[in-house]
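This report refers to the structure that appears directly beneath it.
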Amino acid sequence: MSLSMPDFTKPESKRLDLRRILAAPGVAAILTILGTVALWELAARTLNIPSYLLPAPSAIFSTFPSIGAERWVGHVWATLRVALLGFALAIAIAIPLAIALVRSPALNRTLYPLLVIVQSTPVVAIAPIIIVVLGAGDAPRIVITTLICFFPLVVSTATGLAATPPELIELSRSLRAPAFREITQIRLPFAVPYIFSALKISVTLAVIGAVVAEFCASDAGVGYFIQFSTSMFKLPQAWAGLFVLAGMSLALFQAVSWAQKLLFPWSLPRKR
Amino acid sequence: MQTPAAIRFDHLGQVFDTGSGRVEALRNVSFEVARHEFLAVLGPSGCGKSTLLRMIAGLLEPTSGAVEVFGRRVDGPREDIGIVFQKPTLLPWATIEDNVMFPVRHKRGRVGSHDRDRAQELLRMVGLEGFGKRLPDELSGGMQQRVGIARALHMDPDILLMDEPFSALDALTREEMGFDLLRIFSERPKTVVFITHSVSEAALLADRVLVMTGRPGSVLTELPVPVARPRGRETIKDPAVTELAAHLRDLLLQRDAA
Ligand SMILES: Nc1ncnc2c1ncn2[C@@H]1O[C@H](COP(=O)(O)OP(=O)(O)OP(=O)(O)O)[C@@H](O)[C@H]1O
Ligand SMILES: [Mg+2]
């Protein structure tokens, strides 16, 4: 009788449930964020911090409705479009480039130093030049975004392509298979975990790239919105933009993680 | 000498040019392997055993001398050779069946129902019937190595090269795999060059054992295994096998001490 009846009154079972809830994925993170926001609100109110230094979370959140959904969507879409197009262009350049670097030692010797030089040049500094050269529109912003986010992709993909078990490369050679199949059937799949860890970094860099481009010249986008709000001394509004940007980066990062889980489940470390 | 040997090494030498100088890996190596013969190769680590295999497969060109396969000088990779590696090195994303068919898919770009049937047949032969749809990491190390063997046999090569195929396995699994090999090759004879560090494995499996010297590697001696086929579990206890194993062990230890 007592065996078949779940006993909700026992204090132990309650404590156990709480522990299980805390251990669930995401719960700890959400609690941490909520706690930080609460502390922040408390500090802003009790310490009387001026809102241009650090606005209270309540002041920041109250700007969301006052801006209006339509404007938010417009700014988010402007930034997202540039970030995603720049990211896509970076992938389209980085992966063939990495294949070329791995296939040809000569290219590796000549192109790689060039890539390092490009990477060492602060893109933020050449962004205004790119805008002058490419003119108005999305094109210069996409180029800036690509420049910022493609390097980790090239390096990681090339590393992954080269990390293939040498036995399989020998097997491929011994079969006298066409060279492109060594890439498509052996090297690229083996590089998938490397490519995805780079994609996660690159997609957040793409958001940074889009914002940098908006700082240089634009009339829309979340970066533009932050800059515009600051110049009008609407600090809570600028902070709201910052939160939106952070949310976008987080969402894109998650989307890449999901894509990997969905498309290449075997490439994830096995849970046992 | 009516038909040409399956494999013939003719005064073969190999020198590697490395960044830190020249390494003479092999010197004046000459031996033959007859068709459908099982040759085991023993020798100290680094004496060039794997290098020999890569030359038979045409993956490496000798610095001097020549390798012939079925009377023709090897001058590039050949497809009538299957290779089994020390590690199974399967494709982790492909099912067991797809791994077995990988050579065909890799060479021709697609596989037919005939290839699938053959994969099934080979999986049955290596004792993995019903595992075709699993992924490699669902299988034990020994089972994965069996998949590696099935993969090497899928294109039905005349020659099978095996480079310490069982050295990553535990002792019991290793013995079990040896018996399985005896059965597989009695069903479908092949010319086999089998590299191993285990003297008892060599004595159990091979028709002939080739013992190599340390670097630069050359042929120390060739010994026939005086035990008739078919062989099986009881062969391990055959005095001829234990005697040969002891003799081989002495040979290798002597060389190490010298
Ligand atoms: N591509 C290469 N470049 C330079 N040196 C090499 C190369 N391949 C092999 N060697 C050298 O040649 C020698 C023989 O190597 P090999 O791998 O054939 O030995 P092995 O007998 O198979 O050794 P083990 O029993 O440890 O597998 C070693 O000294 C090795 O360092
Ligand atoms: Mg070796």
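Here, A, B, ... name the chains of the structure tokens in the order displayed, residue numbers run from 1 inside each chain, and ligands are numbered from 1 in the same displayed order.
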Discussion item. Among range 122-172 of chain A, which residues does DSSP mark as helix (DSSP H, G or I) when it is run on the backbone? Keep the chain and numbering as in the structure and answer as a PyMOL selection string.
Written reply: chain A and resi 123-134+138-149+151-162+166-172
Ligand 1: which residues are within 6 Å, counting only C-alpha atoms and all ligand atoms, as a PDB file with all heavy atoms, in the first residue's frame?
ATOM      1  N   PHE B  16      65.501   6.812 -46.264  1.00  0.00           N
ATOM      2  CA  PHE B  16      64.631   7.983 -46.100  1.00  0.00           C
ATOM      3  C   PHE B  16      65.486   9.211 -45.880  1.00  0.00           C
ATOM      4  O   PHE B  16      66.404   9.188 -45.068  1.00  0.00           O
ATOM      5  CB  PHE B  16      63.697   7.811 -44.902  1.00  0.00           C
ATOM      6  CG  PHE B  16      62.612   6.812 -45.110  1.00  0.00           C
ATOM      7  CD1 PHE B  16      62.622   5.608 -44.431  1.00  0.00           C
ATOM      8  CD2 PHE B  16      61.569   7.063 -45.994  1.00  0.00           C
ATOM      9  CE1 PHE B  16      61.612   4.681 -44.618  1.00  0.00           C
ATOM     10  CE2 PHE B  16      60.555   6.144 -46.188  1.00  0.00           C
ATOM     11  CZ  PHE B  16      60.583   4.948 -45.500  1.00  0.00           C
ATOM     12  N   THR B  18      65.390  12.444 -44.176  1.00  0.00           N
ATOM     13  CA  THR B  18      64.597  13.211 -43.218  1.00  0.00           C
ATOM     14  C   THR B  18      65.315  14.517 -42.919  1.00  0.00           C
ATOM     15  O   THR B  18      66.463  14.712 -43.327  1.00  0.00           O
ATOM     16  CB  THR B  18      64.422  12.423 -41.903  1.00  0.00           C
ATOM     17  OG1 THR B  18      65.704  12.221 -41.332  1.00  0.00           O
ATOM     18  CG2 THR B  18      63.770  11.082 -42.142  1.00  0.00           C
ATOM     19  N   ALA B  25      66.509   2.434 -43.901  1.00  0.00           N
ATOM     20  CA  ALA B  25      65.491   1.584 -43.272  1.00  0.00           C
ATOM     21  C   ALA B  25      65.661   0.130 -43.700  1.00  0.00           C
ATOM     22  O   ALA B  25      65.533  -0.785 -42.889  1.00  0.00           O
ATOM     23  CB  ALA B  25      64.101   2.085 -43.627  1.00  0.00           C
ATOM     24  N   SER B  45      61.299  -3.662 -33.593  1.00  0.00           N
ATOM     25  CA  SER B  45      60.589  -2.439 -33.922  1.00  0.00           C
ATOM     26  C   SER B  45      61.485  -1.507 -34.737  1.00  0.00           C
ATOM     27  O   SER B  45      62.666  -1.368 -34.444  1.00  0.00           O
ATOM     28  CB  SER B  45      60.165  -1.758 -32.626  1.00  0.00           C
ATOM     29  OG  SER B  45      59.111  -0.891 -32.882  1.00  0.00           O
ATOM     30  N   GLY B  46      60.941  -0.926 -35.761  1.00  0.00           N
ATOM     31  CA  GLY B  46      61.694   0.028 -36.571  1.00  0.00           C
ATOM     32  C   GLY B  46      62.591  -0.603 -37.612  1.00  0.00           C
ATOM     33  O   GLY B  46      63.409   0.088 -38.227  1.00  0.00           O
ATOM     34  N   CYS B  47      62.430  -1.919 -37.861  1.00  0.00           N
ATOM     35  CA  CYS B  47      63.321  -2.569 -38.827  1.00  0.00           C
ATOM     36  C   CYS B  47      62.782  -2.440 -40.249  1.00  0.00           C
ATOM     37  O   CYS B  47      63.399  -2.919 -41.187  1.00  0.00           O
ATOM     38  CB  CYS B  47      63.541  -4.029 -38.463  1.00  0.00           C
ATOM     39  SG  CYS B  47      62.119  -5.074 -38.768  1.00  0.00           S
ATOM     40  N   GLY B  48      61.628  -1.821 -40.425  1.00  0.00           N
ATOM     41  CA  GLY B  48      61.150  -1.560 -41.779  1.00  0.00           C
ATOM     42  C   GLY B  48      60.062  -2.495 -42.258  1.00  0.00           C
ATOM     43  O   GLY B  48      59.816  -2.614 -43.453  1.00  0.00           O
ATOM     44  N   LYS B  49      59.357  -3.132 -41.346  1.00  0.00           N
ATOM     45  CA  LYS B  49      58.301  -4.078 -41.747  1.00  0.00           C
ATOM     46  C   LYS B  49      57.151  -3.334 -42.427  1.00  0.00           C
ATOM     47  O   LYS B  49      56.692  -3.742 -43.500  1.00  0.00           O
ATOM     48  CB  LYS B  49      57.784  -4.842 -40.521  1.00  0.00           C
ATOM     49  CG  LYS B  49      58.871  -5.600 -39.772  1.00  0.00           C
ATOM     50  CD  LYS B  49      58.333  -6.371 -38.579  1.00  0.00           C
ATOM     51  CE  LYS B  49      57.765  -5.483 -37.487  1.00  0.00           C
ATOM     52  NZ  LYS B  49      58.783  -4.638 -36.803  1.00  0.00           N
ATOM     53  N   SER B  50      56.701  -2.248 -41.794  1.00  0.00           N
ATOM     54  CA  SER B  50      55.598  -1.492 -42.405  1.00  0.00           C
ATOM     55  C   SER B  50      56.039  -0.922 -43.747  1.00  0.00           C
ATOM     56  O   SER B  50      55.245  -0.831 -44.687  1.00  0.00           O
ATOM     57  CB  SER B  50      55.158  -0.363 -41.484  1.00  0.00           C
ATOM     58  OG  SER B  50      54.710  -0.871 -40.260  1.00  0.00           O
ATOM     59  N   THR B  51      57.302  -0.528 -43.828  1.00  0.00           N
ATOM     60  CA  THR B  51      57.824   0.010 -45.077  1.00  0.00           C
ATOM     61  C   THR B  51      57.735  -1.037 -46.185  1.00  0.00           C
ATOM     62  O   THR B  51      57.377  -0.720 -47.328  1.00  0.00           O
ATOM     63  CB  THR B  51      59.280   0.474 -44.867  1.00  0.00           C
ATOM     64  OG1 THR B  51      59.307   1.375 -43.765  1.00  0.00           O
ATOM     65  CG2 THR B  51      59.827   1.149 -46.093  1.00  0.00           C
TER      66      THR B  51
END
Practice prompt. Quick one: everything within 12 Å of range 216-229 of chain A, counting only C-alpha atoms, minus sequence neighbours fewer than 3 positions away in the same chain. Send it as a VMD selection string.
Written response: chain A and resid 52 63 67 71 to 83 123 to 132 134 to 141 144 207 to 213 232 to 248
Write to file, as a PDB file, in the first residue's frame, the residues of the selection just made, with C-alpha atoms.
ATOM      1  CA  TYR A  52      24.086  57.574 -17.789  1.00  0.00           C
ATOM      2  CA  THR A  63      12.579  51.200 -23.331  1.00  0.00           C
ATOM      3  CA  ILE A  67      10.761  51.825 -29.149  1.00  0.00           C
ATOM      4  CA  ARG A  71      11.582  49.394 -35.164  1.00  0.00           C
ATOM      5  CA  TRP A  72      13.236  46.609 -33.231  1.00  0.00           C
ATOM      6  CA  VAL A  73      12.501  44.101 -35.959  1.00  0.00           C
ATOM      7  CA  GLY A  74      13.856  46.511 -38.550  1.00  0.00           C
ATOM      8  CA  HIS A  75      17.150  47.031 -36.690  1.00  0.00           C
ATOM      9  CA  VAL A  76      17.559  43.356 -35.801  1.00  0.00           C
ATOM     10  CA  TRP A  77      16.885  42.280 -39.363  1.00  0.00           C
ATOM     11  CA  ALA A  78      19.391  44.816 -40.761  1.00  0.00           C
ATOM     12  CA  THR A  79      22.135  43.487 -38.484  1.00  0.00           C
ATOM     13  CA  LEU A  80      21.140  39.844 -38.843  1.00  0.00           C
ATOM     14  CA  ARG A  81      21.085  40.052 -42.633  1.00  0.00           C
ATOM     15  CA  VAL A  82      24.595  41.463 -42.832  1.00  0.00           C
ATOM     16  CA  ALA A  83      25.916  39.049 -40.181  1.00  0.00           C
ATOM     17  CA  VAL A 123      39.703  45.106 -39.620  1.00  0.00           C
ATOM     18  CA  VAL A 124      38.159  47.877 -37.532  1.00  0.00           C
ATOM     19  CA  ALA A 125      40.864  50.165 -38.903  1.00  0.00           C
ATOM     20  CA  ILE A 126      40.324  49.283 -42.548  1.00  0.00           C
ATOM     21  CA  ALA A 127      36.542  49.232 -42.282  1.00  0.00           C
ATOM     22  CA  PRO A 128      36.196  52.942 -43.181  1.00  0.00           C
ATOM     23  CA  ILE A 129      38.442  52.391 -46.209  1.00  0.00           C
ATOM     24  CA  ILE A 130      36.323  49.455 -47.350  1.00  0.00           C
ATOM     25  CA  ILE A 131      33.209  51.583 -47.047  1.00  0.00           C
ATOM     26  CA  VAL A 132      34.739  54.334 -49.148  1.00  0.00           C
ATOM     27  CA  LEU A 134      32.638  49.790 -51.968  1.00  0.00           C
ATOM     28  CA  GLY A 135      30.212  52.653 -51.418  1.00  0.00           C
ATOM     29  CA  ALA A 136      26.837  52.534 -49.720  1.00  0.00           C
ATOM     30  CA  GLY A 137      24.647  49.500 -49.327  1.00  0.00           C
ATOM     31  CA  ASP A 138      25.130  46.083 -47.805  1.00  0.00           C
ATOM     32  CA  ALA A 139      28.189  45.100 -49.849  1.00  0.00           C
ATOM     33  CA  PRO A 140      30.890  46.859 -47.756  1.00  0.00           C
ATOM     34  CA  ARG A 141      29.266  45.702 -44.510  1.00  0.00           C
ATOM     35  CA  ILE A 144      33.834  43.706 -43.308  1.00  0.00           C
ATOM     36  CA  VAL A 207      27.648  39.802 -35.280  1.00  0.00           C
ATOM     37  CA  ILE A 208      30.652  41.843 -34.148  1.00  0.00           C
ATOM     38  CA  GLY A 209      31.607  42.399 -37.779  1.00  0.00           C
ATOM     39  CA  ALA A 210      28.128  43.627 -38.680  1.00  0.00           C
ATOM     40  CA  VAL A 211      28.135  46.034 -35.725  1.00  0.00           C
ATOM     41  CA  VAL A 212      31.593  47.373 -36.609  1.00  0.00           C
ATOM     42  CA  ALA A 213      30.336  48.036 -40.124  1.00  0.00           C
ATOM     43  CA  MET A 232      21.245  61.327 -27.893  1.00  0.00           C
ATOM     44  CA  PHE A 233      22.243  60.470 -24.319  1.00  0.00           C
ATOM     45  CA  LYS A 234      19.542  57.801 -24.182  1.00  0.00           C
ATOM     46  CA  LEU A 235      21.688  55.357 -22.253  1.00  0.00           C
ATOM     47  CA  PRO A 236      18.993  52.900 -21.164  1.00  0.00           C
ATOM     48  CA  GLN A 237      18.042  52.612 -24.817  1.00  0.00           C
ATOM     49  CA  ALA A 238      21.668  51.898 -25.785  1.00  0.00           C
ATOM     50  CA  TRP A 239      21.806  49.218 -23.115  1.00  0.00           C
ATOM     51  CA  ALA A 240      18.653  47.680 -24.480  1.00  0.00           C
ATOM     52  CA  GLY A 241      20.355  47.475 -27.882  1.00  0.00           C
ATOM     53  CA  LEU A 242      23.316  45.784 -26.243  1.00  0.00           C
ATOM     54  CA  PHE A 243      21.042  43.148 -24.715  1.00  0.00           C
ATOM     55  CA  VAL A 244      19.459  42.520 -28.076  1.00  0.00           C
ATOM     56  CA  LEU A 245      22.895  42.042 -29.645  1.00  0.00           C
ATOM     57  CA  ALA A 246      23.933  39.620 -26.923  1.00  0.00           C
ATOM     58  CA  GLY A 247      20.694  37.713 -27.447  1.00  0.00           C
ATOM     59  CA  MET A 248      21.342  37.548 -31.196  1.00  0.00           C
TER      60      MET A 248
END
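Minimum atom-to-atom distances from B:Ala150, B:Ala40, B:Val241, B:Met155 to chain A were compared using only C-alpha atoms, and the lowest value belongs to B:Met155.
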Worksheet item: Which neighbours of Asp10 in chain B fall inside 10 Å, counting only C-alpha atoms, when residues of the same chain fewer than 6 positions from it are skipped, and could you give them as JSON, numbers by chain?
Response: {"B": [28, 29, 30, 31, 32, 64, 65, 66, 67, 68]}
Practice prompt. Check every residue of chain B for an atom within 12 Å of chain A, counting only C-alpha atoms, and provide those that qualify as a PyMOL selection string.
Written response: chain B and resi 50+53-60+75-95+98-99+102-110+135-138+148+151-152+155+157+161+163
Discussion item. Could you list, as number ranges by chain, every residue within 9 Å of Leu248 in chain B, counting only C-alpha atoms and ignoring same-chain residues fewer than 5 positions away?
Written reply: B: 42, 199-200, 203, 209, 211, 223, 243, 253
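The shortest atom-to-atom distance to Met212 in chain B, with only C-alpha atoms taken into account, belongs to B:Leu252 out of B:Leu252, B:Leu139, B:Met125, B:Ala6.
Those residues of range 30-160 of chain B that DSSP, working from the backbone, places in strand (DSSP E) are Ser30, Phe31, Glu32, Val33, Phe38, Leu39, Ala40, Val41, Leu42, Ser64, Gly65, Ala66, Val67, Glu68, Val69, Arg72, Arg73, Ile81, Gly82, Ile83, Val84, Ile159 and Leu160 of chain B.
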